[in-house]
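Shown below: model14.cif, with mmCIF, C-alpha atoms.
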data_structure
loop_
_atom_site.label_atom_id
_atom_site.label_comp_id
_atom_site.auth_asym_id
_atom_site.auth_seq_id
_atom_site.Cartn_x
_atom_site.Cartn_y
_atom_site.Cartn_z
CA MET A 1 69.05 121.76 181.41
CA ALA A 2 72.83 121.86 181.03
CA ARG A 3 74.35 122.01 177.61
CA ASN A 4 77.04 119.64 176.27
CA ALA A 5 79.78 122.25 176.55
CA GLU A 6 78.90 122.84 180.19
CA LYS A 7 78.86 119.10 180.87
CA ALA A 8 82.33 118.72 179.38
CA GLN A 9 83.68 121.41 181.70
CA SER A 10 82.32 119.78 184.83
CA MET A 11 84.78 118.47 187.39
CA LEU A 12 83.71 114.84 187.01
CA ASN A 13 84.02 114.78 183.23
CA ARG A 14 87.44 116.39 183.31
CA PHE A 15 88.57 113.86 185.91
CA LEU A 16 87.38 110.92 183.80
CA ALA A 17 89.01 112.30 180.63
CA GLY A 18 92.31 112.69 182.48
CA LYS A 19 92.21 109.11 183.73
CA GLU A 20 91.60 107.79 180.18
CA ALA A 21 94.51 109.85 178.89
CA ASP A 22 96.75 108.40 181.59
CA LYS A 23 95.73 104.90 180.58
CA ARG A 24 96.51 105.53 176.91
CA GLY A 25 99.84 107.05 177.71
CA PRO A 26 101.58 109.81 175.77
CA LYS A 27 100.70 110.04 172.07
CA GLU A 28 103.46 108.74 169.83
CA ARG A 29 104.76 110.97 167.11
CA ARG A 30 106.00 109.68 163.78
CA PRO A 31 109.79 109.91 163.45
CA TYR A 32 110.97 112.74 161.26
CA LEU A 33 113.38 110.46 159.38
CA ALA A 34 112.51 106.95 158.30
CA THR A 35 116.05 105.82 159.03
CA GLU A 36 115.47 106.44 162.75
CA CYS A 37 113.08 103.47 162.85
CA SER A 38 114.69 100.04 163.18
CA ASP A 39 111.55 97.94 163.72
CA LEU A 40 109.72 96.52 160.71
CA ASN A 41 106.30 96.56 162.41
CA GLU A 42 106.74 100.17 163.48
CA ALA A 43 107.76 101.19 159.97
CA ASP A 44 104.71 99.46 158.54
CA LYS A 45 102.51 101.20 161.14
CA TRP A 46 103.83 104.65 160.19
CA ARG A 47 103.29 103.87 156.51
CA GLN A 48 99.67 102.95 157.21
CA GLN A 49 99.25 106.20 159.14
CA ILE A 50 100.55 108.19 156.18
CA LEU A 51 98.13 106.38 153.87
CA ARG A 52 95.20 107.33 156.11
CA GLU A 53 96.28 110.96 156.12
CA VAL A 54 96.64 110.96 152.35
CA GLY A 55 93.16 109.48 151.98
CA LYS A 56 91.61 112.16 154.19
CA LYS A 57 93.31 114.99 152.34
CA VAL A 58 92.43 113.55 148.93
CA MET A 59 88.77 113.45 149.97
CA GLU A 60 89.01 117.03 151.19
CA ILE A 61 90.65 118.33 148.01
CA GLN A 62 87.73 117.11 145.89
CA ASN A 63 85.74 120.13 147.08
CA ALA A 64 86.26 122.84 144.45
CA GLY A 65 84.74 125.49 146.74
CA LEU A 66 87.70 125.55 149.14
CA GLY A 67 89.43 128.27 147.19
CA GLU A 68 92.53 128.29 145.07
CA HIS A 69 95.01 128.87 147.91
CA ARG A 70 93.59 126.13 150.14
CA ILE A 71 93.50 123.67 147.22
CA ARG A 72 97.13 124.40 146.38
CA ASP A 73 98.15 123.94 150.03
CA LEU A 74 96.30 120.64 150.25
CA ASN A 75 97.90 119.43 147.02
CA ASP A 76 101.36 120.32 148.34
CA GLU A 77 100.65 118.48 151.61
CA ILE A 78 99.48 115.38 149.72
CA ASN A 79 102.62 115.35 147.60
CA LYS A 80 104.75 115.77 150.72
CA LEU A 81 103.02 112.81 152.37
CA ILE A 82 103.47 110.72 149.22
CA ARG A 83 107.20 111.44 149.21
CA GLU A 84 107.36 110.53 152.90
CA LYS A 85 105.49 107.31 152.16
CA GLY A 86 108.15 106.46 149.60
CA HIS A 87 110.86 106.94 152.24
CA TRP A 88 109.07 104.55 154.60
CA GLU A 89 108.55 101.99 151.84
CA ARG A 90 112.26 102.00 151.06
CA ARG A 91 112.98 101.67 154.79
CA ILE A 92 110.62 98.68 154.98
CA VAL A 93 112.49 97.02 152.11
CA ALA A 94 115.79 97.71 153.88
CA LEU A 95 114.45 96.06 157.04
CA GLY A 96 113.47 92.95 155.06
CA GLY A 97 109.81 93.73 154.46
CA PRO A 98 107.73 93.63 151.26
CA ASP A 99 108.28 96.06 148.41
CA TYR A 100 105.06 98.07 148.21
CA ALA A 101 106.33 100.28 145.39
CA LYS A 102 106.21 97.46 142.85
CA THR A 103 102.56 96.64 143.50
CA ALA A 104 101.33 100.22 143.89
CA PRO A 105 98.85 101.36 141.19
CA LYS A 106 99.82 104.21 138.91
CA ILE A 107 98.04 107.52 139.39
CA THR A 108 96.53 108.76 136.13
CA ASP A 109 94.45 111.68 134.97
CA SER A 110 90.93 111.61 133.55
CA ALA A 111 92.27 110.53 130.15
CA GLY A 112 94.16 107.59 131.63
CA ASN A 113 97.64 109.09 131.24
CA ALA A 114 100.22 108.85 134.00
CA ILE A 115 100.83 112.24 135.59
CA GLU A 116 104.26 111.74 137.14
CA GLY A 117 106.50 114.68 136.48
CA ALA A 118 103.71 116.75 134.99
CA SER A 119 104.86 120.14 136.29
CA GLY A 120 107.98 122.11 136.96
CA LYS A 121 108.01 121.47 140.73
CA GLY A 122 110.24 118.47 140.33
CA PRO A 123 109.79 114.91 139.18
CA GLY A 124 106.87 113.07 140.71
CA TYR A 125 104.71 116.07 141.57
CA ARG A 126 101.03 115.19 141.11
CA TYR A 127 97.71 116.97 141.11
CA PHE A 128 94.60 115.63 142.81
CA GLY A 129 90.91 116.45 142.73
CA ALA A 130 90.09 120.10 142.16
CA ALA A 131 93.80 120.92 141.76
CA LYS A 132 93.66 119.53 138.22
CA ASN A 133 91.33 122.35 137.18
CA LEU A 134 93.41 125.19 138.61
CA PRO A 135 94.60 127.93 136.25
CA GLY A 136 97.79 126.88 134.49
CA VAL A 137 97.47 123.24 135.56
CA LYS A 138 94.94 121.91 133.09
CA GLU A 139 97.15 122.96 130.19
CA LEU A 140 99.93 120.70 131.49
CA PHE A 141 97.88 117.59 130.75
CA GLU A 142 96.66 118.67 127.32
CA LYS A 143 98.78 117.53 124.42
CA GLU A 144 98.77 119.61 121.30
CA ALA A 145 97.80 117.81 118.14
CA PRO A 146 100.69 117.52 115.70
CA LYS A 147 100.45 120.06 112.93
CA VAL A 148 100.50 118.65 109.42
CA VAL A 149 102.56 120.95 107.24
CA ARG A 150 101.94 120.46 103.55
CA ARG A 151 104.85 120.96 101.24
CA THR A 152 104.59 123.56 98.55
CA ARG A 153 105.04 122.85 94.87
CA PHE A 154 108.41 124.60 94.94
CA GLN A 155 109.64 122.35 97.77
CA MET A 156 108.52 119.23 95.93
CA HIS A 157 110.27 120.33 92.73
CA LYS A 158 113.47 120.97 94.67
CA LEU A 159 113.60 117.28 95.61
CA ILE A 160 113.27 116.09 92.01
CA THR A 161 116.57 114.86 90.56
CA PRO A 162 117.49 113.43 87.14
CA ASP A 163 117.02 109.98 88.67
CA TYR A 164 113.29 110.71 88.89
CA TYR A 165 113.13 110.83 85.08
CA GLY A 166 115.48 107.87 84.63
CA PHE A 167 118.31 109.86 83.06
CA ARG A 168 121.07 108.16 85.05
CA ASP A 169 119.79 104.61 85.11
CA GLU A 170 122.56 103.33 82.82
CA GLU A 171 125.50 104.91 84.62
CA ASP A 172 126.08 102.05 87.04
CA GLY A 173 125.92 99.43 84.27
CA VAL A 174 123.41 97.22 86.07
CA LEU A 175 120.54 98.06 83.76
CA LEU A 176 122.67 97.41 80.66
CA LYS A 177 123.57 93.94 81.91
CA VAL A 178 119.95 93.11 82.64
CA GLU A 179 118.83 94.38 79.24
CA ALA A 180 121.57 92.39 77.47
CA GLU A 181 120.48 89.19 79.20
CA ALA A 182 116.85 89.88 78.35
CA ASP A 183 117.78 90.52 74.69
CA LYS A 184 119.60 87.18 74.55
CA VAL A 185 116.59 85.36 75.93
CA ILE A 186 114.22 87.04 73.47
CA ALA A 187 116.56 86.37 70.52
CA ALA A 188 116.88 82.70 71.48
CA ARG A 189 113.10 82.37 71.76
CA ARG A 190 112.53 83.97 68.35
CA LEU A 191 115.23 81.80 66.77
CA GLN A 192 113.59 78.70 68.18
CA GLU A 193 110.20 79.77 66.83
CA TRP A 194 111.71 80.41 63.38
CA GLU A 195 113.43 77.02 63.37
CA GLU A 196 110.17 75.31 64.28
CA LYS A 197 108.34 77.06 61.44
CA GLU A 198 111.12 76.18 58.99
CA ALA A 199 110.99 72.56 60.09
CA GLU A 200 107.23 72.48 59.51
CA ARG A 201 107.68 74.09 56.08
CA ASP A 202 110.41 71.64 55.06
CA ALA A 203 108.28 68.73 56.20
CA ALA A 204 105.32 70.04 54.20
CA LEU A 205 107.45 70.49 51.07
CA ALA A 206 108.93 67.03 51.48
CA GLY A 207 105.45 65.56 51.80
CA LEU A 208 104.33 67.41 48.67
CA GLY A 209 107.28 66.06 46.71
CA GLY A 210 106.60 62.51 47.86
CA ALA A 211 102.93 62.80 46.93
CA ALA A 212 103.78 64.08 43.44
CA ALA A 213 106.23 61.23 42.90
CA GLY A 214 103.63 58.71 44.04
CA VAL A 215 101.01 60.12 41.68
CA GLY A 216 103.45 60.05 38.74
CA GLY A 217 104.47 56.46 39.41
CA GLY A 218 100.86 55.34 39.64
CA ALA A 219 100.00 57.02 36.33
CA ARG A 220 102.90 55.31 34.60
CA ARG A 221 101.72 51.97 35.88
CA GLY A 222 98.15 52.71 34.78
CA GLY A 223 96.76 52.25 38.27
CA GLY A 224 95.34 55.44 39.71
CA GLY A 225 94.15 53.74 42.89
CA ALA A 226 97.61 52.62 43.88
CA GLY A 227 99.03 56.09 43.31
CA ALA A 228 96.28 57.65 45.39
CA GLY A 229 97.01 55.21 48.17
CA GLU A 230 100.69 56.11 48.16
CA ALA A 231 99.81 59.82 48.20
CA ASP A 232 97.60 59.32 51.21
CA ASP A 233 100.39 57.56 53.06
CA GLY A 234 102.77 60.55 52.77
CA PRO A 235 102.54 63.86 54.65
CA GLN A 236 99.87 66.33 53.56
CA PHE A 237 100.79 69.55 51.75
CA VAL A 238 100.19 72.75 53.68
CA ALA A 239 99.64 75.89 51.58
CA TYR A 240 100.64 79.12 53.31
CA VAL A 241 99.38 81.34 50.41
CA PRO A 242 96.11 81.13 48.40
CA LEU A 243 96.67 79.12 45.17
CA PRO A 244 94.61 79.80 41.99
CA ASP A 245 92.53 77.00 40.54
CA GLN A 246 92.67 75.71 36.94
CA ALA A 247 89.92 78.03 35.65
CA ALA A 248 91.64 81.11 37.01
CA ILE A 249 94.91 80.07 35.38
CA GLU A 250 93.23 79.56 31.99
CA GLN A 251 91.48 82.94 32.26
CA ARG A 252 94.78 84.63 33.03
CA VAL A 253 96.50 82.97 30.06
CA LEU A 254 93.68 84.03 27.72
CA GLU A 255 93.87 87.66 28.87
CA LYS A 256 97.62 87.63 28.35
CA LYS A 257 97.22 86.42 24.77
CA LYS A 258 94.61 89.10 24.05
CA GLN A 259 96.92 91.80 25.34
CA ASP A 260 99.74 90.51 23.16
CA LEU A 261 97.54 90.55 20.03
CA LEU A 262 96.25 94.06 20.76
CA ALA A 263 99.77 95.31 21.32
CA LYS A 264 100.82 93.77 17.99
CA TYR A 265 98.00 95.02 15.70
CA THR A 266 96.77 98.25 17.38
CA SER A 267 98.38 101.58 18.15
CA ASP A 268 99.01 103.06 21.56
CA SER A 269 96.32 105.73 21.18
CA LEU A 270 93.72 103.12 20.27
CA GLN A 271 94.66 101.01 23.27
CA GLN A 272 94.34 104.07 25.53
CA GLN A 273 90.89 104.89 24.14
CA GLN A 274 89.80 101.31 24.62
CA GLN A 275 91.06 101.36 28.22
CA GLU A 276 89.12 104.56 28.93
CA ALA A 277 85.97 103.06 27.47
CA ARG A 278 86.37 99.98 29.65
CA SER A 279 86.84 102.14 32.73
CA LEU A 280 83.67 104.09 31.92
CA LEU A 281 81.72 100.86 31.50
CA ASN A 282 83.31 99.36 34.64
CA LYS A 283 84.68 96.47 32.63
CA LYS A 284 87.98 94.81 33.14
#
How would this structure read if it were set down as structure tokens?
Amino acid sequence: MARNAEKAQSMLNRFLAGKEADKRGPKERRPYLATECSDLNEADKWRQQILREVGKKVMEIQNAGLGEHRIRDLNDEINKLIREKGHWERRIVALGGPDYAKTAPKITDSAGNAIEGASGKGPGYRYFGAAKNLPGVKELFEKEAPKVVRRTRFQMHKLITPDYYGFRDEEDGVLLKVEAEADKVIAARRLQEWEEKEAERDAALAGLGGAAAGVGGGARRGGGGAGAGEADDGPQFVAYVPLPDQAAIEQRVLEKKKQDLLAKYTSDSLQQQQQEARSLLNKK
């Protein structure tokens, strides 16, 4: 039984393959420069061809077992095709076609960050698939955390000025003006409170004088009820200090008379002895 390779080399199969190639015609090659194409449909066709090539190479570069050199070559080829795709997209816009660059999705890394211009090979160089894990490439996408440097006590004390302690608050004169206005307000408030208290005191004294006059007039007329009525009609007396009653006044007068008699008929030594005896007996 003939094998497939032997069948392909047979005269009949080679004849049929040649006829199909004649029907298809010569294979078209993509123009080297996008500016050489002046047909919008042709430009769109070449762009689609580049996209298919990019897709194939991106699938191939996902295999990490290809080796470092092959992965780097594939990544360079993909970036070259992407740049060529950009040339064709600009040519399509120049020919009056749609702008694919505006609607194209951004290519990001695993963390969701855009990777345009991530290396030193020029702006727009990108890494795909296993190329992201190559030595020296992974570090390009890692951002160092900002270091928090704590200030020392010496540095903090260097920033302290006399303003921190309020030594120069009065130099500009603003604080003095504010304090003067506040002092005026406080003085006016205290003066008003004092005037109100004085007015209450004068009113109380005037009421007391009117009540005394009413009581005296009623006594002279012999009618205590009328005098009491007049006293009730006037303002009430307000005592701001405790006043002694009649019994306390009489007791004080009696003690004063006793002291006068003792001072008149006794000597100083006798008075001193009597005072000591009272203090020992806890008597006043």
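The spacing separating atom CA of Ile78 of chain A from atom CA of Glu53 of chain A amounts to 8.4 Å.
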request  = Tell me which protein, DNA and RNA residues are within 9 Å of Ile92 of chain A, counting all atoms listed in the file, leaving out same-chain ones fewer than 3 positions away, and put them as a ChimeraX atom specification.
outcome  = /A:39-41,43-44,87-89,95-100
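Our summary of the geometry notes that atom CA of Lys138 of chain A is positioned 20.5 Å from atom CA of Lys57 of chain A.
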Atom CA of Lys27 of chain A to atom CA of Gly86 of chain A, distance in Å rounded to a single decimal = 23.9 Å
ask   = Residues at most 12 Å from Ile71 of chain A, counting only C-alpha atoms, excluding those fewer than 3 positions away in the same chain, as a list in words?
value = Lys57, Val58, Met59, Glu60, Ile61, Gln62, Asn63, Ala64, Gly65, Leu66, Gly67, Glu68, Leu74, Asn75, Asp76, Glu77, Ile78, Tyr127, Phe128, Gly129, Ala130, Ala131, Lys132, Asn133, Leu134 and Pro135 of chain A
Kindly export the residues of the current selection with C-alpha atoms, as a PDB file, in the frame of the given file.
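selection03.pdb written:
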ATOM      1  CA  LYS A  57      93.310 114.990 152.340  1.00  0.00           C
ATOM      2  CA  VAL A  58      92.430 113.550 148.930  1.00  0.00           C
ATOM      3  CA  MET A  59      88.770 113.450 149.970  1.00  0.00           C
ATOM      4  CA  GLU A  60      89.010 117.030 151.190  1.00  0.00           C
ATOM      5  CA  ILE A  61      90.650 118.330 148.010  1.00  0.00           C
ATOM      6  CA  GLN A  62      87.730 117.110 145.890  1.00  0.00           C
ATOM      7  CA  ASN A  63      85.740 120.130 147.080  1.00  0.00           C
ATOM      8  CA  ALA A  64      86.260 122.840 144.450  1.00  0.00           C
ATOM      9  CA  GLY A  65      84.740 125.490 146.740  1.00  0.00           C
ATOM     10  CA  LEU A  66      87.700 125.550 149.140  1.00  0.00           C
ATOM     11  CA  GLY A  67      89.430 128.270 147.190  1.00  0.00           C
ATOM     12  CA  GLU A  68      92.530 128.290 145.070  1.00  0.00           C
ATOM     13  CA  LEU A  74      96.300 120.640 150.250  1.00  0.00           C
ATOM     14  CA  ASN A  75      97.900 119.430 147.020  1.00  0.00           C
ATOM     15  CA  ASP A  76     101.360 120.320 148.340  1.00  0.00           C
ATOM     16  CA  GLU A  77     100.650 118.480 151.610  1.00  0.00           C
ATOM     17  CA  ILE A  78      99.480 115.380 149.720  1.00  0.00           C
ATOM     18  CA  TYR A 127      97.710 116.970 141.110  1.00  0.00           C
ATOM     19  CA  PHE A 128      94.600 115.630 142.810  1.00  0.00           C
ATOM     20  CA  GLY A 129      90.910 116.450 142.730  1.00  0.00           C
ATOM     21  CA  ALA A 130      90.090 120.100 142.160  1.00  0.00           C
ATOM     22  CA  ALA A 131      93.800 120.920 141.760  1.00  0.00           C
ATOM     23  CA  LYS A 132      93.660 119.530 138.220  1.00  0.00           C
ATOM     24  CA  ASN A 133      91.330 122.350 137.180  1.00  0.00           C
ATOM     25  CA  LEU A 134      93.410 125.190 138.610  1.00  0.00           C
ATOM     26  CA  PRO A 135      94.600 127.930 136.250  1.00  0.00           C
TER      27      PRO A 135
END
